[in-house]
file coords01.pdb (PDB, N, CA and C atoms)
MODEL        1
ATOM      1  N   MET A   1     -30.735  -3.301  20.584
ATOM      2  CA  MET A   1     -30.162  -2.086  21.152
ATOM      3  C   MET A   1     -29.013  -1.596  20.272
ATOM      4  N   LYS A   2     -28.998  -0.320  19.989
ATOM      5  CA  LYS A   2     -27.966   0.272  19.151
ATOM      6  C   LYS A   2     -26.654   0.359  19.922
ATOM      7  N   GLN A   3     -25.589  -0.180  19.330
ATOM      8  CA  GLN A   3     -24.276  -0.142  19.968
ATOM      9  C   GLN A   3     -23.606   1.187  19.652
ATOM     10  N   SER A   4     -23.027   1.817  20.670
ATOM     11  CA  SER A   4     -22.351   3.098  20.435
ATOM     12  C   SER A   4     -20.880   2.858  20.114
ATOM     13  N   ILE A   5     -20.322   3.783  19.364
ATOM     14  CA  ILE A   5     -18.904   3.732  19.050
ATOM     15  C   ILE A   5     -18.263   4.988  19.611
ATOM     16  N   SER A   6     -17.004   4.888  19.914
ATOM     17  CA  SER A   6     -16.281   6.016  20.487
ATOM     18  C   SER A   6     -15.357   6.618  19.435
ATOM     19  N   LEU A   7     -15.525   7.916  19.197
ATOM     20  CA  LEU A   7     -14.676   8.644  18.263
ATOM     21  C   LEU A   7     -13.949   9.748  19.018
ATOM     22  N   ASN A   8     -12.751  10.047  18.581
ATOM     23  CA  ASN A   8     -11.997  11.171  19.119
ATOM     24  C   ASN A   8     -11.661  12.104  17.972
ATOM     25  N   ALA A   9     -11.767  13.396  18.235
ATOM     26  CA  ALA A   9     -11.411  14.399  17.242
ATOM     27  C   ALA A   9     -10.234  15.200  17.772
ATOM     28  N   LYS A  10      -9.275  15.465  16.900
ATOM     29  CA  LYS A  10      -8.171  16.338  17.291
ATOM     30  C   LYS A  10      -7.755  17.171  16.091
ATOM     31  N   LEU A  11      -7.216  18.332  16.394
ATOM     32  CA  LEU A  11      -6.782  19.213  15.318
ATOM     33  C   LEU A  11      -5.721  18.527  14.477
ATOM     34  N   ARG A  12      -5.836  18.656  13.169
ATOM     35  CA  ARG A  12      -4.817  18.090  12.277
ATOM     36  C   ARG A  12      -3.502  18.840  12.459
ATOM     37  N   TRP A  13      -3.576  20.163  12.538
ATOM     38  CA  TRP A  13      -2.407  21.012  12.762
ATOM     39  C   TRP A  13      -2.718  21.957  13.907
ATOM     40  N   PRO A  14      -1.788  22.184  14.821
ATOM     41  CA  PRO A  14      -2.072  23.014  16.004
ATOM     42  C   PRO A  14      -2.517  24.437  15.689
ATOM     43  N   ASP A  15      -2.056  25.010  14.595
ATOM     44  CA  ASP A  15      -2.383  26.403  14.295
ATOM     45  C   ASP A  15      -3.556  26.567  13.329
ATOM     46  N   VAL A  16      -4.206  25.463  12.925
ATOM     47  CA  VAL A  16      -5.370  25.532  12.041
ATOM     48  C   VAL A  16      -6.570  25.028  12.839
ATOM     49  N   LYS A  17      -7.483  25.933  13.167
ATOM     50  CA  LYS A  17      -8.562  25.607  14.102
ATOM     51  C   LYS A  17      -9.835  25.087  13.442
ATOM     52  N   ASP A  18      -9.781  24.784  12.155
ATOM     53  CA  ASP A  18     -11.006  24.307  11.501
ATOM     54  C   ASP A  18     -10.773  23.071  10.633
ATOM     55  N   HIS A  19      -9.816  22.240  11.038
ATOM     56  CA  HIS A  19      -9.550  20.980  10.333
ATOM     57  C   HIS A  19      -9.192  19.919  11.378
ATOM     58  N   TYR A  20     -10.054  18.924  11.495
ATOM     59  CA  TYR A  20      -9.901  17.889  12.516
ATOM     60  C   TYR A  20      -9.738  16.517  11.883
ATOM     61  N   ILE A  21      -8.914  15.679  12.504
ATOM     62  CA  ILE A  21      -8.879  14.270  12.137
ATOM     63  C   ILE A  21      -9.739  13.531  13.154
ATOM     64  N   ILE A  22     -10.341  12.454  12.712
ATOM     65  CA  ILE A  22     -11.235  11.668  13.555
ATOM     66  C   ILE A  22     -10.615  10.286  13.730
ATOM     67  N   LEU A  23     -10.524   9.861  14.987
ATOM     68  CA  LEU A  23      -9.908   8.577  15.309
ATOM     69  C   LEU A  23     -10.912   7.626  15.947
ATOM     70  N   HIS A  24     -10.723   6.347  15.656
ATOM     71  CA  HIS A  24     -11.506   5.266  16.267
ATOM     72  C   HIS A  24     -10.533   4.143  16.600
ATOM     73  N   ASP A  25     -10.497   3.736  17.836
ATOM     74  CA  ASP A  25      -9.597   2.656  18.286
ATOM     75  C   ASP A  25      -8.151   2.882  17.859
ATOM     76  N   GLY A  26      -7.683   4.122  17.920
ATOM     77  CA  GLY A  26      -6.296   4.433  17.605
ATOM     78  C   GLY A  26      -5.985   4.592  16.124
ATOM     79  N   HIS A  27      -6.985   4.471  15.268
ATOM     80  CA  HIS A  27      -6.795   4.612  13.830
ATOM     81  C   HIS A  27      -7.454   5.898  13.342
ATOM     82  N   VAL A  28      -6.762   6.616  12.484
ATOM     83  CA  VAL A  28      -7.378   7.768  11.833
ATOM     84  C   VAL A  28      -8.355   7.223  10.802
ATOM     85  N   ILE A  29      -9.633   7.568  10.963
ATOM     86  CA  ILE A  29     -10.642   7.041  10.042
ATOM     87  C   ILE A  29     -11.198   8.111   9.113
ATOM     88  N   GLY A  30     -10.879   9.373   9.364
ATOM     89  CA  GLY A  30     -11.400  10.407   8.490
ATOM     90  C   GLY A  30     -11.099  11.793   9.000
ATOM     91  N   ASN A  31     -11.795  12.770   8.426
ATOM     92  CA  ASN A  31     -11.583  14.147   8.845
ATOM     93  C   ASN A  31     -12.846  14.969   8.653
ATOM     94  N   VAL A  32     -12.881  16.085   9.373
ATOM     95  CA  VAL A  32     -13.947  17.074   9.266
ATOM     96  C   VAL A  32     -13.257  18.424   9.167
ATOM     97  N   HIS A  33     -13.636  19.220   8.170
ATOM     98  CA  HIS A  33     -13.001  20.534   8.024
ATOM     99  C   HIS A  33     -13.986  21.544   7.459
ATOM    100  N   ARG A  34     -13.724  22.806   7.792
ATOM    101  CA  ARG A  34     -14.572  23.884   7.286
ATOM    102  C   ARG A  34     -14.377  24.007   5.783
ATOM    103  N   SER A  35     -15.495  24.168   5.112
ATOM    104  CA  SER A  35     -15.485  24.331   3.659
ATOM    105  C   SER A  35     -16.492  25.433   3.329
ATOM    106  N   GLY A  36     -16.009  26.667   3.315
ATOM    107  CA  GLY A  36     -16.912  27.799   3.116
ATOM    108  C   GLY A  36     -17.799  27.983   4.327
ATOM    109  N   ASP A  37     -19.114  27.951   4.114
ATOM    110  CA  ASP A  37     -20.068  28.121   5.214
ATOM    111  C   ASP A  37     -20.487  26.803   5.854
ATOM    112  N   SER A  38     -19.975  25.692   5.366
ATOM    113  CA  SER A  38     -20.352  24.393   5.924
ATOM    114  C   SER A  38     -19.108  23.627   6.363
ATOM    115  N   TRP A  39     -19.322  22.410   6.810
ATOM    116  CA  TRP A  39     -18.244  21.523   7.241
ATOM    117  C   TRP A  39     -18.296  20.261   6.391
ATOM    118  N   SER A  40     -17.192  19.945   5.735
ATOM    119  CA  SER A  40     -17.087  18.718   4.943
ATOM    120  C   SER A  40     -16.538  17.612   5.833
ATOM    121  N   TRP A  41     -17.046  16.432   5.660
ATOM    122  CA  TRP A  41     -16.565  15.280   6.419
ATOM    123  C   TRP A  41     -16.372  14.114   5.457
ATOM    124  N   SER A  42     -15.422  13.253   5.793
ATOM    125  CA  SER A  42     -15.219  12.062   4.967
ATOM    126  C   SER A  42     -14.484  10.996   5.757
ATOM    127  N   ILE A  43     -14.835   9.775   5.464
ATOM    128  CA  ILE A  43     -14.104   8.619   5.985
ATOM    129  C   ILE A  43     -13.007   8.345   4.977
ATOM    130  N   SER A  44     -11.812   8.103   5.470
ATOM    131  CA  SER A  44     -10.686   7.857   4.558
ATOM    132  C   SER A  44      -9.794   6.771   5.140
ATOM    133  N   ILE A  45     -10.169   5.543   4.849
ATOM    134  CA  ILE A  45      -9.350   4.399   5.239
ATOM    135  C   ILE A  45      -8.956   3.680   3.953
ATOM    136  N   PRO A  46      -7.868   2.910   3.976
ATOM    137  CA  PRO A  46      -7.371   2.294   2.740
ATOM    138  C   PRO A  46      -8.187   1.085   2.270
ATOM    139  N   MET A  47      -9.383   1.381   1.750
ATOM    140  CA  MET A  47     -10.242   0.368   1.140
ATOM    141  C   MET A  47     -11.324   1.093   0.351
ATOM    142  N   GLY A  48     -11.990   0.388  -0.527
ATOM    143  CA  GLY A  48     -13.087   0.976  -1.280
ATOM    144  C   GLY A  48     -14.202   1.388  -0.337
ATOM    145  N   LEU A  49     -14.747   2.583  -0.550
ATOM    146  CA  LEU A  49     -15.791   3.106   0.326
ATOM    147  C   LEU A  49     -17.015   3.512  -0.492
ATOM    148  N   PRO A  50     -18.199   3.401   0.100
ATOM    149  CA  PRO A  50     -19.415   3.796  -0.608
ATOM    150  C   PRO A  50     -19.536   5.318  -0.726
ATOM    151  N   ASP A  51     -20.404   5.766  -1.617
ATOM    152  CA  ASP A  51     -20.623   7.203  -1.810
ATOM    153  C   ASP A  51     -21.055   7.900  -0.526
ATOM    154  N   TRP A  52     -21.773   7.202   0.342
ATOM    155  CA  TRP A  52     -22.272   7.824   1.563
ATOM    156  C   TRP A  52     -21.214   7.933   2.665
ATOM    157  N   SER A  53     -19.951   7.706   2.332
ATOM    158  CA  SER A  53     -18.878   7.828   3.344
ATOM    159  C   SER A  53     -18.292   9.234   3.385
ATOM    160  N   SER A  54     -18.961  10.197   2.740
ATOM    161  CA  SER A  54     -18.545  11.596   2.816
ATOM    162  C   SER A  54     -19.765  12.484   2.621
ATOM    163  N   GLY A  55     -19.635  13.727   3.082
ATOM    164  CA  GLY A  55     -20.756  14.637   2.937
ATOM    165  C   GLY A  55     -20.452  16.000   3.525
ATOM    166  N   ASN A  56     -21.488  16.787   3.704
ATOM    167  CA  ASN A  56     -21.372  18.127   4.277
ATOM    168  C   ASN A  56     -22.363  18.268   5.415
ATOM    169  N   ALA A  57     -22.030  19.144   6.345
ATOM    170  CA  ALA A  57     -22.887  19.395   7.500
ATOM    171  C   ALA A  57     -22.845  20.884   7.828
ATOM    172  N   SER A  58     -23.807  21.325   8.603
ATOM    173  CA  SER A  58     -23.903  22.752   8.921
ATOM    174  C   SER A  58     -22.984  23.181  10.058
ATOM    175  N   SER A  59     -22.493  22.222  10.850
ATOM    176  CA  SER A  59     -21.619  22.563  11.977
ATOM    177  C   SER A  59     -20.584  21.465  12.179
ATOM    178  N   LEU A  60     -19.552  21.776  12.930
ATOM    179  CA  LEU A  60     -18.537  20.779  13.277
ATOM    180  C   LEU A  60     -19.183  19.598  13.985
ATOM    181  N   HIS A  61     -20.032  19.894  14.967
ATOM    182  CA  HIS A  61     -20.700  18.829  15.724
ATOM    183  C   HIS A  61     -21.516  17.924  14.793
ATOM    184  N   ASP A  62     -22.285  18.533  13.884
ATOM    185  CA  ASP A  62     -23.095  17.736  12.956
ATOM    186  C   ASP A  62     -22.222  16.935  11.992
ATOM    187  N   GLY A  63     -21.074  17.495  11.609
ATOM    188  CA  GLY A  63     -20.152  16.777  10.743
ATOM    189  C   GLY A  63     -19.572  15.545  11.421
ATOM    190  N   ILE A  64     -19.185  15.701  12.678
ATOM    191  CA  ILE A  64     -18.651  14.557  13.427
ATOM    192  C   ILE A  64     -19.741  13.507  13.628
ATOM    193  N   LYS A  65     -20.947  13.959  13.918
ATOM    194  CA  LYS A  65     -22.069  13.027  14.099
ATOM    195  C   LYS A  65     -22.365  12.266  12.803
ATOM    196  N   ALA A  66     -22.382  12.979  11.669
ATOM    197  CA  ALA A  66     -22.640  12.327  10.381
ATOM    198  C   ALA A  66     -21.530  11.327  10.048
ATOM    199  N   LEU A  67     -20.279  11.719  10.290
ATOM    200  CA  LEU A  67     -19.161  10.804  10.057
ATOM    201  C   LEU A  67     -19.312   9.574  10.954
ATOM    202  N   GLY A  68     -19.694   9.777  12.205
ATOM    203  CA  GLY A  68     -19.894   8.651  13.125
ATOM    204  C   GLY A  68     -20.976   7.698  12.648
ATOM    205  N   ASN A  69     -22.069   8.242  12.141
ATOM    206  CA  ASN A  69     -23.138   7.386  11.610
ATOM    207  C   ASN A  69     -22.663   6.605  10.396
ATOM    208  N   ALA A  70     -21.911   7.266   9.516
ATOM    209  CA  ALA A  70     -21.368   6.571   8.344
ATOM    210  C   ALA A  70     -20.373   5.500   8.781
ATOM    211  N   TRP A  71     -19.538   5.818   9.767
ATOM    212  CA  TRP A  71     -18.567   4.850  10.259
ATOM    213  C   TRP A  71     -19.271   3.635  10.854
ATOM    214  N   ALA A  72     -20.354   3.850  11.574
ATOM    215  CA  ALA A  72     -21.130   2.732  12.120
ATOM    216  C   ALA A  72     -21.628   1.847  10.981
ATOM    217  N   GLY A  73     -22.049   2.453   9.870
ATOM    218  CA  GLY A  73     -22.480   1.684   8.709
ATOM    219  C   GLY A  73     -21.344   0.895   8.084
ATOM    220  N   ILE A  74     -20.157   1.502   8.029
ATOM    221  CA  ILE A  74     -18.977   0.798   7.502
ATOM    222  C   ILE A  74     -18.660  -0.401   8.391
ATOM    223  N   LEU A  75     -18.647  -0.178   9.701
ATOM    224  CA  LEU A  75     -18.348  -1.275  10.630
ATOM    225  C   LEU A  75     -19.356  -2.408  10.504
ATOM    226  N   LYS A  76     -20.624  -2.048  10.317
ATOM    227  CA  LYS A  76     -21.678  -3.059  10.210
ATOM    228  C   LYS A  76     -21.559  -3.868   8.927
ATOM    229  N   SER A  77     -21.120  -3.224   7.848
ATOM    230  CA  SER A  77     -21.104  -3.888   6.547
ATOM    231  C   SER A  77     -19.742  -4.456   6.141
ATOM    232  N   THR A  78     -18.731  -4.296   6.982
ATOM    233  CA  THR A  78     -17.380  -4.740   6.642
ATOM    234  C   THR A  78     -16.955  -5.864   7.584
ATOM    235  N   SER A  79     -16.429  -6.923   7.016
ATOM    236  CA  SER A  79     -15.980  -8.040   7.852
ATOM    237  C   SER A  79     -14.753  -7.624   8.663
ATOM    238  N   ALA A  80     -14.572  -8.279   9.776
ATOM    239  CA  ALA A  80     -13.412  -8.007  10.630
ATOM    240  C   ALA A  80     -12.113  -8.258   9.866
ATOM    241  N   GLU A  81     -12.097  -9.279   9.015
ATOM    242  CA  GLU A  81     -10.904  -9.592   8.238
ATOM    243  C   GLU A  81     -10.575  -8.474   7.253
ATOM    244  N   ARG A  82     -11.591  -7.930   6.583
ATOM    245  CA  ARG A  82     -11.361  -6.852   5.616
ATOM    246  C   ARG A  82     -10.877  -5.598   6.315
ATOM    247  N   LEU A  83     -11.458  -5.296   7.458
ATOM    248  CA  LEU A  83     -11.017  -4.130   8.218
ATOM    249  C   LEU A  83      -9.581  -4.319   8.704
ATOM    250  N   GLN A  84      -9.226  -5.525   9.109
ATOM    251  CA  GLN A  84      -7.857  -5.792   9.545
ATOM    252  C   GLN A  84      -6.876  -5.589   8.396
ATOM    253  N   ARG A  85      -7.249  -5.992   7.183
ATOM    254  CA  ARG A  85      -6.378  -5.754   6.024
ATOM    255  C   ARG A  85      -6.167  -4.259   5.805
ATOM    256  N   ALA A  86      -7.212  -3.468   6.002
ATOM    257  CA  ALA A  86      -7.074  -2.008   5.863
ATOM    258  C   ALA A  86      -6.116  -1.467   6.923
ATOM    259  N   TRP A  87      -6.237  -1.942   8.154
ATOM    260  CA  TRP A  87      -5.334  -1.477   9.229
ATOM    261  C   TRP A  87      -3.906  -1.918   8.946
ATOM    262  N   ASP A  88      -3.716  -3.130   8.417
ATOM    263  CA  ASP A  88      -2.366  -3.600   8.068
ATOM    264  C   ASP A  88      -1.758  -2.725   6.975
ATOM    265  N   LEU A  89      -2.556  -2.365   5.981
ATOM    266  CA  LEU A  89      -2.081  -1.488   4.916
ATOM    267  C   LEU A  89      -1.735  -0.107   5.472
ATOM    268  N   GLU A  90      -2.563   0.399   6.356
ATOM    269  CA  GLU A  90      -2.296   1.695   7.002
ATOM    270  C   GLU A  90      -0.957   1.652   7.749
ATOM    271  N   ARG A  91      -0.745   0.592   8.515
ATOM    272  CA  ARG A  91       0.495   0.430   9.282
ATOM    273  C   ARG A  91       1.711   0.352   8.364
ATOM    274  N   ALA A  92       1.593  -0.389   7.267
ATOM    275  CA  ALA A  92       2.706  -0.505   6.315
ATOM    276  C   ALA A  92       3.024   0.848   5.688
ATOM    277  N   ALA A  93       2.005   1.610   5.337
ATOM    278  CA  ALA A  93       2.231   2.936   4.757
ATOM    279  C   ALA A  93       2.886   3.872   5.764
ATOM    280  N   GLU A  94       2.446   3.822   7.010
ATOM    281  CA  GLU A  94       3.057   4.660   8.047
ATOM    282  C   GLU A  94       4.521   4.290   8.251
ATOM    283  N   ALA A  95       4.830   2.996   8.273
ATOM    284  CA  ALA A  95       6.214   2.560   8.454
ATOM    285  C   ALA A  95       7.081   3.040   7.296
ATOM    286  N   ARG A  96       6.551   2.971   6.101
ATOM    287  CA  ARG A  96       7.302   3.432   4.931
ATOM    288  C   ARG A  96       7.543   4.939   5.004
ATOM    289  N   ASN A  97       6.553   5.712   5.393
ATOM    290  CA  ASN A  97       6.710   7.160   5.523
ATOM    291  C   ASN A  97       7.737   7.516   6.583
ATOM    292  N   ILE A  98       7.754   6.791   7.681
ATOM    293  CA  ILE A  98       8.731   7.056   8.746
ATOM    294  C   ILE A  98      10.135   6.790   8.221
ATOM    295  N   ARG A  99      10.331   5.668   7.512
ATOM    296  CA  ARG A  99      11.654   5.350   6.960
ATOM    297  C   ARG A  99      12.070   6.395   5.949
ATOM    298  N   LEU A 100      11.145   6.808   5.073
ATOM    299  CA  LEU A 100      11.484   7.819   4.069
ATOM    300  C   LEU A 100      11.841   9.141   4.732
ATOM    301  N   ASP A 101      11.076   9.536   5.742
ATOM    302  CA  ASP A 101      11.350  10.799   6.431
ATOM    303  C   ASP A 101      12.694  10.758   7.150
ATOM    304  N   SER A 102      13.035   9.632   7.735
ATOM    305  CA  SER A 102      14.302   9.563   8.486
ATOM    306  C   SER A 102      15.517   9.588   7.557
ATOM    307  N   ASN A 103      15.336   9.205   6.280
ATOM    308  CA  ASN A 103      16.437   9.210   5.326
ATOM    309  C   ASN A 103      16.653  10.548   4.647
ATOM    310  N   THR A 104      15.768  11.506   4.889
ATOM    311  CA  THR A 104      15.879  12.792   4.206
ATOM    312  C   THR A 104      16.495  13.870   5.066
ATOM    313  N   SER A 105      17.006  13.530   6.231
ATOM    314  CA  SER A 105      17.588  14.575   7.085
ATOM    315  C   SER A 105      19.012  14.874   6.755
TER     316      SER A 105
ENDMDL
END

call {"tool": "encode", "arguments": {"input": "coords01.pdb", "output": "structure tokens"}}
result
Amino acid sequence: MKQSISLNAKLRWPDVKDHYIILHDGHVIGNVHRSGDSWSWSISIPMGLPDWSSGNASSLHDGIKALGNAWAGILKSTSAERLQRAWDLERAAEARNIRLDSNTS
């Protein structure tokens, strides 16, 4: 039986209605955005990714679906330990950005 995954999409910026970030389990895993007449999608987590982790789709819905299918492939082919290292790196980068931003006021 195929296991389903839960993705959430939200606007990257409130005033830009054609650029979405995609989240899984509280982590930003990629984005979908309008690119001319199509929608570009890509997985973007801090680790090496295969060529099939990005692409184009004819609609926002199809872009999110394609990203979800690619993400399912990443989850299937990536060990839990490797994914945890990516999340740890993501967390460290976020902490560094917060510290840098707080020092520039």

call {"tool": "select_by_dssp", "arguments": {"input": "coords01.pdb", "residues": "segment 25-91 of chain A", "states": "strand (DSSP E or B)", "output": "list of chain:residue names"}}
result
A:His27, A:Val28, A:Ile29, A:Gly30, A:Asn31, A:Val32, A:His33, A:Arg34, A:Ser35, A:Ser38, A:Trp39, A:Ser40, A:Trp41, A:Ser42, A:Ile43, A:Ser54, A:Gly55, A:Asn56, A:Ala57

call {"tool": "atom_distance", "arguments": {"input": "coords01.pdb", "atom1": "atom CA of His27 of chain A", "atom2": "atom CA of Trp87 of chain A"}}
result
7.8 Å

call {"tool": "closest_residue", "arguments": {"input": "coords01.pdb", "among": "A:Arg96, A:Asn8, A:Ala86, A:Trp41", "to": "Gly26 of chain A", "atoms": "only N, CA and C atoms"}}
result
A:Asn8

call {"tool": "select_by_dssp", "arguments": {"input": "coords01.pdb", "residues": "chain A", "states": "helix (DSSP H, G or I)", "output": "VMD selection string"}}
result
chain A and resid 51 to 53 60 to 77 80 to 102

call {"tool": "closest_residue", "arguments": {"input": "coords01.pdb", "among": "A:Arg82, A:Ser35, A:Ser42, A:Ala92", "to": "Leu67 of chain A", "atoms": "only N, CA and C atoms"}}
result
A:Ser42

call {"tool": "atom_distance", "arguments": {"input": "coords01.pdb", "atom1": "atom N of Ser6 of chain A", "atom2": "atom N of Ala72 of chain A"}}
result
9.0 Å

call {"tool": "residues_around", "arguments": {"input": "coords01.pdb", "residues": "segment 57-65 of chain A", "least_positions_apart": "4", "cutoff": "7 Å", "atoms": "only N, CA and C atoms", "output": "number ranges by chain"}}
result
A: 32, 37-41, 69-70

call {"tool": "atom_distance", "arguments": {"input": "coords01.pdb", "atom1": "atom CA of Gly55 of chain A", "atom2": "atom C of Asn31 of chain A"}}
result
9.8 Å

call {"tool": "residues_around", "arguments": {"input": "coords01.pdb", "residues": "segment 15-18 of chain A", "least_positions_apart": "2", "cutoff": "7 Å", "atoms": "only C-alpha atoms", "output": "PDB file with N, CA and C atoms, keeping the file's coordinate frame"}}
result
ATOM      1  N   LEU A  11      -7.216  18.332  16.394  1.00  0.00           N
ATOM      2  CA  LEU A  11      -6.782  19.213  15.318  1.00  0.00           C
ATOM      3  C   LEU A  11      -5.721  18.527  14.477  1.00  0.00           C
ATOM      4  N   TRP A  13      -3.576  20.163  12.538  1.00  0.00           N
ATOM      5  CA  TRP A  13      -2.407  21.012  12.762  1.00  0.00           C
ATOM      6  C   TRP A  13      -2.718  21.957  13.907  1.00  0.00           C
ATOM      7  N   TYR A  20     -10.054  18.924  11.495  1.00  0.00           N
ATOM      8  CA  TYR A  20      -9.901  17.889  12.516  1.00  0.00           C
ATOM      9  C   TYR A  20      -9.738  16.517  11.883  1.00  0.00           C
ATOM     10  N   HIS A  33     -13.636  19.220   8.170  1.00  0.00           N
ATOM     11  CA  HIS A  33     -13.001  20.534   8.024  1.00  0.00           C
ATOM     12  C   HIS A  33     -13.986  21.544   7.459  1.00  0.00           C
ATOM     13  N   ARG A  34     -13.724  22.806   7.792  1.00  0.00           N
ATOM     14  CA  ARG A  34     -14.572  23.884   7.286  1.00  0.00           C
ATOM     15  C   ARG A  34     -14.377  24.007   5.783  1.00  0.00           C
TER      16      ARG A  34
END

call {"tool": "axis_aligned_box", "arguments": {"input": "coords01.pdb", "around": "segment 86-96 of chain A", "padding_each_side": "3 Å", "output": "AutoDock Vina command-line options"}}
result
--center_x 0.2 --center_y 0.7 --center_z 7.0 --size_x 20.8 --size_y 14.5 --size_z 10.5

call {"tool": "resolve_selection", "arguments": {"input": "coords01.pdb", "expression": "the PyMOL selection byres (((chain A and resi 50 and name CA) around 12) and name CA)", "output": "list in words"}}
result
Ser42, Ile43, Ser44, Ile45, Met47, Gly48, Leu49, Asp51, Trp52, Ser53, Ser54, Gly55, Ala70, Trp71, Gly73, Ile74, Ser77 and Thr78 of chain A

call {"tool": "write_last_selection", "arguments": {"input": "coords01.pdb", "atoms": "N, CA and C atoms", "output": "short mmCIF file (atom, residue, chain, number, x, y, z; two decimals), keeping the file's coordinate frame"}}
result
data_model
loop_
_atom_site.label_atom_id
_atom_site.label_comp_id
_atom_site.auth_asym_id
_atom_site.auth_seq_id
_atom_site.Cartn_x
_atom_site.Cartn_y
_atom_site.Cartn_z
N SER A 42 -15.42 13.25 5.79
CA SER A 42 -15.22 12.06 4.97
C SER A 42 -14.48 11.00 5.76
N ILE A 43 -14.84 9.78 5.46
CA ILE A 43 -14.10 8.62 5.98
C ILE A 43 -13.01 8.35 4.98
N SER A 44 -11.81 8.10 5.47
CA SER A 44 -10.69 7.86 4.56
C SER A 44 -9.79 6.77 5.14
N ILE A 45 -10.17 5.54 4.85
CA ILE A 45 -9.35 4.40 5.24
C ILE A 45 -8.96 3.68 3.95
N MET A 47 -9.38 1.38 1.75
CA MET A 47 -10.24 0.37 1.14
C MET A 47 -11.32 1.09 0.35
N GLY A 48 -11.99 0.39 -0.53
CA GLY A 48 -13.09 0.98 -1.28
C GLY A 48 -14.20 1.39 -0.34
N LEU A 49 -14.75 2.58 -0.55
CA LEU A 49 -15.79 3.11 0.33
C LEU A 49 -17.02 3.51 -0.49
N ASP A 51 -20.40 5.77 -1.62
CA ASP A 51 -20.62 7.20 -1.81
C ASP A 51 -21.06 7.90 -0.53
N TRP A 52 -21.77 7.20 0.34
CA TRP A 52 -22.27 7.82 1.56
C TRP A 52 -21.21 7.93 2.66
N SER A 53 -19.95 7.71 2.33
CA SER A 53 -18.88 7.83 3.34
C SER A 53 -18.29 9.23 3.38
N SER A 54 -18.96 10.20 2.74
CA SER A 54 -18.55 11.60 2.82
C SER A 54 -19.76 12.48 2.62
N GLY A 55 -19.64 13.73 3.08
CA GLY A 55 -20.76 14.64 2.94
C GLY A 55 -20.45 16.00 3.52
N ALA A 70 -21.91 7.27 9.52
CA ALA A 70 -21.37 6.57 8.34
C ALA A 70 -20.37 5.50 8.78
N TRP A 71 -19.54 5.82 9.77
CA TRP A 71 -18.57 4.85 10.26
C TRP A 71 -19.27 3.64 10.85
N GLY A 73 -22.05 2.45 9.87
CA GLY A 73 -22.48 1.68 8.71
C GLY A 73 -21.34 0.90 8.08
N ILE A 74 -20.16 1.50 8.03
CA ILE A 74 -18.98 0.80 7.50
C ILE A 74 -18.66 -0.40 8.39
N SER A 77 -21.12 -3.22 7.85
CA SER A 77 -21.10 -3.89 6.55
C SER A 77 -19.74 -4.46 6.14
N THR A 78 -18.73 -4.30 6.98
CA THR A 78 -17.38 -4.74 6.64
C THR A 78 -16.95 -5.86 7.58
#

call {"tool": "closest_residue", "arguments": {"input": "coords01.pdb", "among": "A:Glu81, A:Ser4, A:Gly36, A:Pro14", "to": "Asn56 of chain A", "atoms": "only C-alpha atoms"}}
result
A:Gly36

call {"tool": "build_atoms", "arguments": {"input": "coords01.pdb", "residues": "segment 38-46 of chain A", "atoms": "N, CA, C and O atoms", "output": "PDB file, in the frame of the given file"}}
result
ATOM      1  N   SER A  38     -19.975  25.692   5.366  1.00  0.00           N
ATOM      2  CA  SER A  38     -20.352  24.393   5.924  1.00  0.00           C
ATOM      3  C   SER A  38     -19.108  23.627   6.363  1.00  0.00           C
ATOM      4  O   SER A  38     -17.993  24.130   6.292  1.00  0.00           O
ATOM      5  N   TRP A  39     -19.322  22.410   6.810  1.00  0.00           N
ATOM      6  CA  TRP A  39     -18.244  21.523   7.241  1.00  0.00           C
ATOM      7  C   TRP A  39     -18.296  20.261   6.391  1.00  0.00           C
ATOM      8  O   TRP A  39     -19.335  19.607   6.303  1.00  0.00           O
ATOM      9  N   SER A  40     -17.192  19.945   5.735  1.00  0.00           N
ATOM     10  CA  SER A  40     -17.087  18.718   4.943  1.00  0.00           C
ATOM     11  C   SER A  40     -16.538  17.612   5.833  1.00  0.00           C
ATOM     12  O   SER A  40     -15.658  17.845   6.656  1.00  0.00           O
ATOM     13  N   TRP A  41     -17.046  16.432   5.660  1.00  0.00           N
ATOM     14  CA  TRP A  41     -16.565  15.280   6.419  1.00  0.00           C
ATOM     15  C   TRP A  41     -16.372  14.114   5.457  1.00  0.00           C
ATOM     16  O   TRP A  41     -17.041  14.032   4.432  1.00  0.00           O
ATOM     17  N   SER A  42     -15.422  13.253   5.793  1.00  0.00           N
ATOM     18  CA  SER A  42     -15.219  12.062   4.967  1.00  0.00           C
ATOM     19  C   SER A  42     -14.484  10.996   5.757  1.00  0.00           C
ATOM     20  O   SER A  42     -13.645  11.295   6.601  1.00  0.00           O
ATOM     21  N   ILE A  43     -14.835   9.775   5.464  1.00  0.00           N
ATOM     22  CA  ILE A  43     -14.104   8.619   5.985  1.00  0.00           C
ATOM     23  C   ILE A  43     -13.007   8.345   4.977  1.00  0.00           C
ATOM     24  O   ILE A  43     -13.238   8.377   3.768  1.00  0.00           O
ATOM     25  N   SER A  44     -11.812   8.103   5.470  1.00  0.00           N
ATOM     26  CA  SER A  44     -10.686   7.857   4.558  1.00  0.00           C
ATOM     27  C   SER A  44      -9.794   6.771   5.140  1.00  0.00           C
ATOM     28  O   SER A  44      -8.848   7.048   5.853  1.00  0.00           O
ATOM     29  N   ILE A  45     -10.169   5.543   4.849  1.00  0.00           N
ATOM     30  CA  ILE A  45      -9.350   4.399   5.239  1.00  0.00           C
ATOM     31  C   ILE A  45      -8.956   3.680   3.953  1.00  0.00           C
ATOM     32  O   ILE A  45      -9.627   3.838   2.928  1.00  0.00           O
ATOM     33  N   PRO A  46      -7.868   2.910   3.976  1.00  0.00           N
ATOM     34  CA  PRO A  46      -7.371   2.294   2.740  1.00  0.00           C
ATOM     35  C   PRO A  46      -8.187   1.085   2.270  1.00  0.00           C
ATOM     36  O   PRO A  46      -7.788  -0.058   2.402  1.00  0.00           O
TER      37      PRO A  46
END
